[in-house]
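*Asks:* I'm passing along input-v8.pdb; it holds PDB, C-alpha atoms and all ligand atoms.
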```
ATOM      1  CA  MET A   1      -5.175  41.858  21.342
ATOM      2  CA  LYS A   2      -2.925  39.066  22.450
ATOM      3  CA  ASP A   3       0.312  38.552  20.632
ATOM      4  CA  ASN A   4       1.292  34.950  21.265
ATOM      5  CA  ASN A   5       4.923  35.671  20.632
ATOM      6  CA  VAL A   6       5.031  38.186  23.460
ATOM      7  CA  TYR A   7       3.777  35.489  25.848
ATOM      8  CA  LYS A   8       6.169  32.916  24.440
ATOM      9  CA  ALA A   9       9.129  35.233  24.982
ATOM     10  CA  GLY A  10       8.526  35.621  28.732
ATOM     11  CA  PRO A  11      10.342  33.490  31.294
ATOM     12  CA  ALA A  12       8.715  30.121  32.055
ATOM     13  CA  ALA A  13       7.672  29.442  35.639
ATOM     14  CA  ASP A  14       9.820  26.781  37.293
ATOM     15  CA  PRO A  15       7.585  23.678  37.512
ATOM     16  CA  ASP A  16       9.532  22.395  40.517
ATOM     17  CA  ASP A  17       8.748  25.543  42.494
ATOM     18  CA  ILE A  18       5.675  24.365  44.371
ATOM     19  CA  ASP A  19       5.454  27.399  46.614
ATOM     20  CA  LEU A  20       5.194  30.336  44.187
ATOM     21  CA  ASN A  21       4.928  32.848  47.052
ATOM     22  CA  VAL A  22       1.469  31.660  48.082
ATOM     23  CA  GLY A  23       2.397  28.280  49.569
ATOM     24  CA  ARG A  24       1.892  24.674  48.507
ATOM     25  CA  GLU A  25      -1.536  24.574  50.109
ATOM     26  CA  ALA A  26      -2.957  27.504  48.121
ATOM     27  CA  LEU A  27      -1.388  26.173  44.929
ATOM     28  CA  THR A  28      -2.974  22.767  45.528
ATOM     29  CA  LEU A  29      -6.322  24.430  46.144
ATOM     30  CA  MET A  30      -6.103  26.283  42.809
ATOM     31  CA  HIS A  31      -5.892  22.932  41.030
ATOM     32  CA  LEU A  32      -8.625  21.314  43.131
ATOM     33  CA  GLU A  33     -11.158  24.164  43.096
ATOM     34  CA  GLN A  34     -12.214  23.338  39.527
ATOM     35  CA  PRO A  35     -14.985  23.925  38.752
ATOM     36  CA  PRO A  36     -15.309  26.737  41.319
ATOM     37  CA  GLY A  37     -17.666  25.741  44.104
ATOM     38  CA  CYS A  38     -16.884  22.012  43.910
ATOM     39  CA  LEU A  39     -15.346  21.863  47.408
ATOM     40  CA  THR A  40     -17.079  22.234  50.767
ATOM     41  CA  PRO A  41     -15.937  24.831  53.326
ATOM     42  CA  ALA A  42     -14.567  21.945  55.450
ATOM     43  CA  GLN A  43     -12.513  20.682  52.487
ATOM     44  CA  ILE A  44     -11.179  24.162  51.711
ATOM     45  CA  ALA A  45     -10.229  24.663  55.363
ATOM     46  CA  PHE A  46      -8.405  21.313  55.303
ATOM     47  CA  ALA A  47      -6.632  22.148  52.025
ATOM     48  CA  LEU A  48      -5.384  25.351  53.665
ATOM     49  CA  GLY A  49      -4.061  23.558  56.737
ATOM     50  CA  ASN A  50      -7.001  24.470  59.019
ATOM     51  CA  ASP A  51      -4.948  27.633  59.545
ATOM     52  CA  PRO A  52      -7.057  30.810  60.007
ATOM     53  CA  ASP A  53      -4.055  33.172  59.824
ATOM     54  CA  TYR A  54      -2.883  31.686  56.529
ATOM     55  CA  ILE A  55      -6.433  31.822  55.152
ATOM     56  CA  ASP A  56      -6.746  35.480  56.248
ATOM     57  CA  ALA A  57      -3.545  36.331  54.385
ATOM     58  CA  LEU A  58      -4.758  34.502  51.261
ATOM     59  CA  ILE A  59      -8.086  36.358  51.347
ATOM     60  CA  ALA A  60      -6.201  39.675  51.500
ATOM     61  CA  HIS A  61      -4.089  38.548  48.521
ATOM     62  CA  ASP A  62      -7.169  37.478  46.509
ATOM     63  CA  ASP A  63      -9.055  40.710  47.300
ATOM     64  CA  ASP A  64      -6.016  42.662  46.236
ATOM     65  CA  GLN A  65      -5.822  40.802  42.909
ATOM     66  CA  SER A  66      -9.539  41.371  42.386
ATOM     67  CA  SER A  67      -9.095  45.148  42.874
ATOM     68  CA  VAL A  68      -6.117  45.280  40.538
ATOM     69  CA  TRP A  69      -8.099  43.565  37.751
ATOM     70  CA  SER A  70     -11.186  45.738  38.345
ATOM     71  CA  GLU A  71      -9.084  48.878  38.166
ATOM     72  CA  SER A  72      -7.347  47.750  34.998
ATOM     73  CA  ALA A  73     -10.752  46.925  33.433
ATOM     74  CA  LEU A  74     -11.864  50.484  34.218
ATOM     75  CA  HIS A  75      -8.644  51.857  32.829
ATOM     76  CA  VAL A  76      -8.984  49.928  29.549
ATOM     77  CA  ARG A  77     -12.612  51.116  29.273
ATOM     78  CA  ASN A  78     -11.698  54.738  30.023
ATOM     79  CA  VAL A  79      -9.044  54.855  27.341
ATOM     80  CA  GLY A  80     -11.537  53.433  24.836
ATOM     81  CA  GLY A  81      -9.922  49.997  24.697
ATOM     82  CA  ASP A  82     -11.299  46.759  23.253
ATOM     83  CA  PRO A  83     -14.538  45.715  25.059
ATOM     84  CA  ASP A  84     -13.381  42.053  24.884
ATOM     85  CA  GLU A  85     -10.268  43.031  26.775
ATOM     86  CA  VAL A  86     -12.400  44.849  29.382
ATOM     87  CA  GLU A  87     -14.445  41.667  29.751
ATOM     88  CA  VAL A  88     -11.327  39.502  30.194
ATOM     89  CA  HIS A  89     -10.164  41.763  33.034
ATOM     90  CA  LEU A  90     -13.614  41.705  34.657
ATOM     91  CA  ILE A  91     -13.683  37.897  34.486
ATOM     92  CA  GLU A  92     -10.330  37.810  36.314
ATOM     93  CA  ALA A  93     -11.629  40.282  38.915
ATOM     94  CA  ARG A  94     -14.714  38.156  39.548
ATOM     95  CA  ALA A  95     -12.698  34.911  39.743
ATOM     96  CA  TRP A  96     -10.405  36.378  42.437
ATOM     97  CA  GLY A  97     -13.417  37.778  44.269
ATOM     98  CA  SER A  98     -15.175  34.430  44.260
ATOM     99  CA  THR A  99     -12.151  32.467  45.482
ATOM    100  CA  ALA A 100     -11.811  34.998  48.337
ATOM    101  CA  GLN A 101     -15.468  34.340  49.129
ATOM    102  CA  THR A 102     -15.028  30.549  49.286
ATOM    103  CA  LYS A 103     -12.081  31.089  51.662
ATOM    104  CA  ARG A 104     -14.337  33.205  53.892
ATOM    105  CA  GLY A 105     -16.619  30.170  53.989
ATOM    106  CA  ALA A 106     -13.672  28.062  55.166
ATOM    107  CA  LEU A 107     -12.895  30.628  57.894
ATOM    108  CA  ALA A 108     -16.504  30.484  59.071
ATOM    109  CA  TRP A 109     -16.268  26.681  59.168
ATOM    110  CA  LEU A 110     -13.125  26.922  61.327
ATOM    111  CA  GLU A 111     -14.929  29.350  63.654
ATOM    112  CA  SER A 112     -17.609  26.753  64.268
ATOM    113  CA  HIS A 113     -15.090  23.856  64.431
ATOM    114  CA  PRO A 114     -12.323  25.237  66.664
ATOM    115  CA  ALA A 115     -11.092  21.703  67.450
ATOM    116  CA  ALA A 116      -9.897  21.209  63.845
ATOM    117  CA  PRO A 117      -6.191  20.305  64.190
ATOM    118  CA  PRO A 118      -3.362  21.736  62.036
ATOM    119  CA  VAL A 119      -2.793  19.695  58.858
ATOM    120  CA  ASP A 120       0.563  18.347  57.693
ATOM    121  CA  PHE A 121       0.984  18.844  53.940
ATOM    122  CA  LEU A 122       1.302  15.363  52.418
ATOM    123  CA  LEU A 123       0.721  16.086  48.725
ATOM    124  CA  ASP A 124       4.186  17.195  47.556
ATOM    125  CA  ASP A 125       4.639  14.374  45.036
ATOM    126  CA  GLU A 126       1.158  14.712  43.577
ATOM    127  CA  LEU A 127       1.414  18.519  43.334
ATOM    128  CA  LEU A 128       4.823  18.280  41.699
ATOM    129  CA  ALA A 129       3.413  15.848  39.101
ATOM    130  CA  VAL A 130       0.606  18.324  38.292
ATOM    131  CA  ARG A 131       3.060  21.222  37.989
ATOM    132  CA  ARG A 132       5.316  19.227  35.663
ATOM    133  CA  ALA A 133       2.405  18.047  33.512
ATOM    134  CA  GLY A 134       1.272  21.678  33.194
ATOM    135  CA  ASP A 135       4.799  22.741  32.306
ATOM    136  CA  SER A 136       4.947  20.117  29.534
ATOM    137  CA  LYS A 137       1.895  21.739  27.938
ATOM    138  CA  VAL A 138       3.510  25.185  28.093
ATOM    139  CA  ARG A 139       6.801  23.902  26.698
ATOM    140  CA  ALA A 140       5.134  22.126  23.755
ATOM    141  CA  TRP A 141       3.355  25.379  22.918
ATOM    142  CA  ARG A 142       6.513  27.466  23.229
ATOM    143  CA  GLU A 143       8.312  25.100  20.887
ATOM    144  CA  CYS A 144       5.440  25.116  18.387
ATOM    145  CA  SER A 145       6.040  27.021  15.156
ATOM    146  CA  GLY A 146       2.323  27.141  14.292
ATOM    147  CA  PRO A 147       0.834  30.655  14.195
ATOM    148  CA  GLU A 148      -1.712  31.888  16.750
ATOM    149  CA  CYS A 149      -1.861  28.710  18.824
ATOM    150  CA  THR A 150      -2.074  28.472  22.613
ATOM    151  CA  GLU A 151      -1.152  25.718  25.058
ATOM    152  CA  GLU A 152      -4.788  24.520  24.757
ATOM    153  CA  SER A 153      -4.933  24.625  20.913
ATOM    154  CA  ARG A 154      -6.137  21.127  20.045
ATOM    155  CA  GLU A 155      -6.793  22.422  16.494
ATOM    156  CA  CYS A 156      -3.251  23.688  15.977
ATOM    157  CA  PRO A 157      -2.074  21.928  12.784
ATOM    158  CA  ALA A 158       1.504  21.829  14.050
ATOM    159  CA  HIS A 159       1.093  20.507  17.613
ATOM    160  CA  GLY A 160      -2.634  19.777  18.140
ATOM    161  CA  THR A 161      -2.252  15.992  18.547
ATOM    162  CA  ARG A 162       0.473  16.557  21.130
ATOM    163  CA  VAL A 163      -1.855  18.966  22.982
ATOM    164  CA  VAL A 164      -4.468  16.190  23.271
ATOM    165  CA  GLU A 165      -1.915  13.784  24.801
ATOM    166  CA  LEU A 166      -0.516  16.397  27.171
ATOM    167  CA  GLU A 167      -3.939  17.569  28.319
ATOM    168  CA  ASP A 168      -4.962  13.983  29.067
ATOM    169  CA  ALA A 169      -1.772  13.462  31.076
ATOM    170  CA  TYR A 170      -2.395  16.739  32.910
ATOM    171  CA  ASP A 171      -6.009  15.788  33.711
ATOM    172  CA  ARG A 172      -4.853  12.419  35.063
ATOM    173  CA  SER A 173      -2.294  14.105  37.316
ATOM    174  CA  VAL A 174      -4.981  16.424  38.725
ATOM    175  CA  GLU A 175      -7.293  13.463  39.336
ATOM    176  CA  THR A 176      -4.513  11.671  41.240
ATOM    177  CA  LEU A 177      -3.997  14.789  43.370
ATOM    178  CA  ARG A 178      -7.750  15.090  43.937
ATOM    179  CA  ALA A 179      -8.205  11.421  44.865
ATOM    180  CA  ARG A 180      -5.517  11.555  47.564
ATOM    181  CA  PHE A 181      -6.797  14.904  48.830
ATOM    182  CA  LEU A 182     -10.365  13.611  49.149
ATOM    183  CA  VAL A 183      -9.176  10.687  51.276
ATOM    184  CA  LEU A 184      -7.012  12.869  53.554
ATOM    185  CA  SER A 185      -9.598  15.634  53.931
ATOM    186  CA  ARG A 186     -12.133  13.233  55.433
ATOM    187  CA  ALA A 187     -10.331  13.968  58.708
ATOM    188  CA  ASN A 188     -12.301  17.223  58.905
ATOM    189  CA  ASP A 189     -15.612  15.317  58.751
ATOM    190  CA  LYS A 190     -14.837  13.940  62.199
ATOM    191  CA  VAL A 191     -14.194  17.325  63.816
ATOM    192  CA  PRO A 192     -17.058  18.121  66.214
ATOM    193  CA  GLU A 193     -18.975  21.346  65.886
ATOM    194  CA  ALA A 194     -18.525  23.779  68.771
ATOM    195  CA  VAL A 195     -21.468  24.204  71.078
ATOM    196  CA  PRO A 196     -22.911  27.680  70.320
ATOM    197  CA  GLY A 197     -22.015  30.149  73.047
ATOM    198  CA  SER A 198     -19.125  28.090  74.429
ATOM    199  CA  THR A 199     -15.754  29.817  74.561
ATOM    200  CA  ALA A 200     -13.637  26.681  74.075
ATOM    201  CA  ARG A 201     -10.777  27.201  71.639
TER     202      ARG A 201
HETATM  203 ZN    ZN A 301      -5.347  42.731  29.068
HETATM  204 ZN    ZN A 302       0.804  24.891  18.030
END
```
Could the structure of this file be written out as structure tokens, please?

*Replies:*
Amino acid sequence: MKDNNVYKAGPAADPDDIDLNVGREALTLMHLEQPPGCLTPAQIAFALGNDPDYIDALIAHDDDQSSVWSESALHVRNVGGDPDEVEVHLIEARAWGSTAQTKRGALAWLESHPAAPPVDFLLDDELLAVRRAGDSKVRAWRECSGPECTEESRECPAHGTRVVELEDAYDRSVETLRARFLVLSRANDKVPEAVPGSTAR
């Protein structure tokens, strides 16, 4: 069971913090990798700076999250908890597992394209706009007096029309981020594939 008021009472994430312990690149990727599977390994590698060490660390983080959610699903099941809750935890576990898998694809791409140069992060403004648009949705929900609504509650009698406006603004900010990313990431299309068996790196 989710008690909205418990969620509302927690501290809000700072929308101007575009690092959040995982880095701007990983945060950008979270917004761009929707729906999951929409980006190529070359695009994911580019989004993560063409940096194998960073990608390795992110995979470890994602695998860790996946285990935590799997274990908590088991725990909820073992104590006879709500099957819907078990399912929610399993969905989280699978989502983290699948994003780790797409990052492994990016690592494999970098293995076969060792000439891919490091990427300067040029999407600060666009990422900040997405974070602020997301924060506006959360704030409107926190300020809403309607019962049982969420930040996505278009049917909420108290703030549903506002949700529609804010979601549209949020979607536009993500599309702006995506458009600029797609232009920049074309750089990886020009990286030559390594000749199999060569040791150049
Ligand atoms: Zn739960
Ligand atoms: Zn509401």

*Asks:* Ligand ZN 301 (chain A): which residues are within 12 Å, counting only C-alpha atoms and all ligand atoms? Reply as a PyMOL selection string.

*Replies:* chain A and resi 1-3+68-77+81-93

*Asks:* Could you give me, as an MDAnalysis selection string, every polymer residue with an atom at most 12 Å away from an atom of ligand ZN 302 (chain A), counting all atoms listed in the file?

*Replies:* chainID A and resid 4:5 8 137:164

*Asks:* Using all atoms listed in the file, can you tell me which of A:Arg104, A:Arg131, A:Arg94, A:Arg186 comes closest to Pro52 of chain A?

*Replies:*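 The closest residue to Pro52 of chain A is A:Arg104.
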
*Asks:* List every protein, DNA or RNA residue with an atom no more than 9 Å from (-14.4, 28.4, 52.2) in the file's coordinates, counting all atoms listed in the file, and format the result as a ChimeraX atom specification.

*Replies:* /A:39-45,99-109

*Asks:* Calculate how many Å separate atom CA of Ala129 of chain A from atom CA of Ser173 of chain A, rounding to one decimal.

*Replies:*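 Answer for the atom CA of Ala129 of chain A to atom CA of Ser173 of chain A separation: 6.2 Å.
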
*Asks:* Between atom CA of Ala26 of chain A and atom CA of Glu165 of chain A, what distance in Å does the model show, to one decimal?

*Replies:*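 Value for the atom CA of Ala26 of chain A-atom CA of Glu165 of chain A distance: 27.1 Å.
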
*Asks:* I need the residue nearest Ser98 of chain A from this list: A:Pro36, A:Pro15, A:Pro117, A:Gly49. Use all atoms listed in the file for the distance.

*Replies:* A:Pro36

*Asks:* For a test of reading the model, state the distance in Å between atom CA of Thr176 of chain A and atom CA of Asp62 of chain A, rounded to one decimal.

*Replies:*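 Between atom CA of Thr176 of chain A and atom CA of Asp62 of chain A the gap is 26.5 Å.
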
*Asks:* Kindly provide, as a PDB file with C-alpha atoms, in the frame of the given file, the polymer residues lying within 12 Å of (-10.3, 13.2, 59.5), counting only C-alpha atoms and using the coordinates exactly as they appear in the file.

*Replies:*
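Dumped everything to result01.pdb:
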```pdb
ATOM      1  CA  ALA A  42     -14.567  21.945  55.450  1.00  0.00           C
ATOM      2  CA  GLN A  43     -12.513  20.682  52.487  1.00  0.00           C
ATOM      3  CA  PHE A  46      -8.405  21.313  55.303  1.00  0.00           C
ATOM      4  CA  ASN A  50      -7.001  24.470  59.019  1.00  0.00           C
ATOM      5  CA  ALA A 115     -11.092  21.703  67.450  1.00  0.00           C
ATOM      6  CA  ALA A 116      -9.897  21.209  63.845  1.00  0.00           C
ATOM      7  CA  PRO A 117      -6.191  20.305  64.190  1.00  0.00           C
ATOM      8  CA  PRO A 118      -3.362  21.736  62.036  1.00  0.00           C
ATOM      9  CA  VAL A 119      -2.793  19.695  58.858  1.00  0.00           C
ATOM     10  CA  PHE A 181      -6.797  14.904  48.830  1.00  0.00           C
ATOM     11  CA  LEU A 182     -10.365  13.611  49.149  1.00  0.00           C
ATOM     12  CA  VAL A 183      -9.176  10.687  51.276  1.00  0.00           C
ATOM     13  CA  LEU A 184      -7.012  12.869  53.554  1.00  0.00           C
ATOM     14  CA  SER A 185      -9.598  15.634  53.931  1.00  0.00           C
ATOM     15  CA  ARG A 186     -12.133  13.233  55.433  1.00  0.00           C
ATOM     16  CA  ALA A 187     -10.331  13.968  58.708  1.00  0.00           C
ATOM     17  CA  ASN A 188     -12.301  17.223  58.905  1.00  0.00           C
ATOM     18  CA  ASP A 189     -15.612  15.317  58.751  1.00  0.00           C
ATOM     19  CA  LYS A 190     -14.837  13.940  62.199  1.00  0.00           C
ATOM     20  CA  VAL A 191     -14.194  17.325  63.816  1.00  0.00           C
ATOM     21  CA  PRO A 192     -17.058  18.121  66.214  1.00  0.00           C
TER      22      PRO A 192
END
```

*Asks:* Where does the PyMOL selection byres (((chain A and resi 130) around 12) and not hetatm) land in this file, that is, which residues does it pick, as a VMD selection string?

*Replies:* chain A and resid 15 to 18 27 to 28 30 to 32 123 to 129 131 to 137 166 to 178

*Asks:* Only N, CA, C and O atoms, as an mmCIF file, in the first residue's frame: that is what I want for segment 41-60 of chain A.

*Replies:*
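Result file selection_27.cif:
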```
data_model
loop_
_atom_site.group_PDB
_atom_site.id
_atom_site.type_symbol
_atom_site.label_atom_id
_atom_site.label_comp_id
_atom_site.auth_asym_id
_atom_site.auth_seq_id
_atom_site.Cartn_x
_atom_site.Cartn_y
_atom_site.Cartn_z
ATOM 1 N N PRO A 41 23.779 0.786 -29.223
ATOM 2 C CA PRO A 41 24.972 0.712 -28.366
ATOM 3 C C PRO A 41 25.922 1.890 -28.604
ATOM 4 O O PRO A 41 26.502 2.411 -27.638
ATOM 5 N N ALA A 42 26.062 2.328 -29.864
ATOM 6 C CA ALA A 42 26.955 3.463 -30.159
ATOM 7 C C ALA A 42 26.425 4.740 -29.500
ATOM 8 O O ALA A 42 27.208 5.555 -28.982
ATOM 9 N N GLN A 43 25.111 4.925 -29.502
ATOM 10 C CA GLN A 43 24.526 6.115 -28.867
ATOM 11 C C GLN A 43 24.678 6.062 -27.350
ATOM 12 O O GLN A 43 24.952 7.081 -26.713
ATOM 13 N N ILE A 44 24.510 4.874 -26.775
ATOM 14 C CA ILE A 44 24.657 4.749 -25.317
ATOM 15 C C ILE A 44 26.110 4.999 -24.917
ATOM 16 O O ILE A 44 26.388 5.697 -23.937
ATOM 17 N N ALA A 45 27.036 4.459 -25.697
ATOM 18 C CA ALA A 45 28.462 4.703 -25.424
ATOM 19 C C ALA A 45 28.749 6.204 -25.472
ATOM 20 O O ALA A 45 29.413 6.754 -24.583
ATOM 21 N N PHE A 46 28.207 6.884 -26.479
ATOM 22 C CA PHE A 46 28.428 8.327 -26.614
ATOM 23 C C PHE A 46 27.830 9.068 -25.418
ATOM 24 O O PHE A 46 28.476 9.942 -24.826
ATOM 25 N N ALA A 47 26.594 8.701 -25.056
ATOM 26 C CA ALA A 47 25.924 9.362 -23.923
ATOM 27 C C ALA A 47 26.760 9.235 -22.662
ATOM 28 O O ALA A 47 26.756 10.131 -21.812
ATOM 29 N N LEU A 48 27.488 8.126 -22.531
ATOM 30 C CA LEU A 48 28.288 7.875 -21.334
ATOM 31 C C LEU A 48 29.754 8.219 -21.571
ATOM 32 O O LEU A 48 30.664 7.655 -20.948
ATOM 33 N N GLY A 49 29.988 9.162 -22.491
ATOM 34 C CA GLY A 49 31.315 9.739 -22.658
ATOM 35 C C GLY A 49 32.322 8.857 -23.364
ATOM 36 O O GLY A 49 33.521 9.148 -23.328
ATOM 37 N N ASN A 50 31.868 7.751 -23.979
ATOM 38 C CA ASN A 50 32.802 6.767 -24.566
ATOM 39 C C ASN A 50 33.838 6.347 -23.528
ATOM 40 O O ASN A 50 35.008 6.123 -23.860
ATOM 41 N N ASP A 51 33.401 6.235 -22.278
ATOM 42 C CA ASP A 51 34.322 5.999 -21.162
ATOM 43 C C ASP A 51 34.067 4.618 -20.525
ATOM 44 O O ASP A 51 33.145 4.462 -19.719
ATOM 45 N N PRO A 52 34.875 3.612 -20.885
ATOM 46 C CA PRO A 52 34.634 2.248 -20.396
ATOM 47 C C PRO A 52 34.672 2.134 -18.871
ATOM 48 O O PRO A 52 33.895 1.358 -18.292
ATOM 49 N N ASP A 53 35.551 2.894 -18.210
ATOM 50 C CA ASP A 53 35.630 2.786 -16.743
ATOM 51 C C ASP A 53 34.355 3.298 -16.081
ATOM 52 O O ASP A 53 33.840 2.696 -15.132
ATOM 53 N N TYR A 54 33.866 4.429 -16.596
ATOM 54 C CA TYR A 54 32.609 4.994 -16.078
ATOM 55 C C TYR A 54 31.461 4.015 -16.313
ATOM 56 O O TYR A 54 30.645 3.764 -15.418
ATOM 57 N N ILE A 55 31.422 3.438 -17.521
ATOM 58 C CA ILE A 55 30.339 2.502 -17.853
ATOM 59 C C ILE A 55 30.410 1.267 -16.951
ATOM 60 O O ILE A 55 29.393 0.794 -16.443
ATOM 61 N N ASP A 56 31.634 0.768 -16.704
ATOM 62 C CA ASP A 56 31.818 -0.361 -15.781
ATOM 63 C C ASP A 56 31.231 -0.045 -14.407
ATOM 64 O O ASP A 56 30.533 -0.870 -13.813
ATOM 65 N N ALA A 57 31.532 1.142 -13.907
ATOM 66 C CA ALA A 57 31.056 1.538 -12.578
ATOM 67 C C ALA A 57 29.525 1.627 -12.572
ATOM 68 O O ALA A 57 28.870 1.215 -11.604
ATOM 69 N N LEU A 58 28.951 2.147 -13.663
ATOM 70 C CA LEU A 58 27.489 2.257 -13.735
ATOM 71 C C LEU A 58 26.834 0.876 -13.782
ATOM 72 O O LEU A 58 25.788 0.655 -13.176
ATOM 73 N N ILE A 59 27.468 -0.058 -14.501
ATOM 74 C CA ILE A 59 26.917 -1.416 -14.577
ATOM 75 C C ILE A 59 26.902 -2.036 -13.174
ATOM 76 O O ILE A 59 25.911 -2.651 -12.765
ATOM 77 N N ALA A 60 27.997 -1.832 -12.425
ATOM 78 C CA ALA A 60 28.060 -2.371 -11.062
ATOM 79 C C ALA A 60 26.938 -1.765 -10.209
ATOM 80 O O ALA A 60 26.260 -2.472 -9.446
#
```
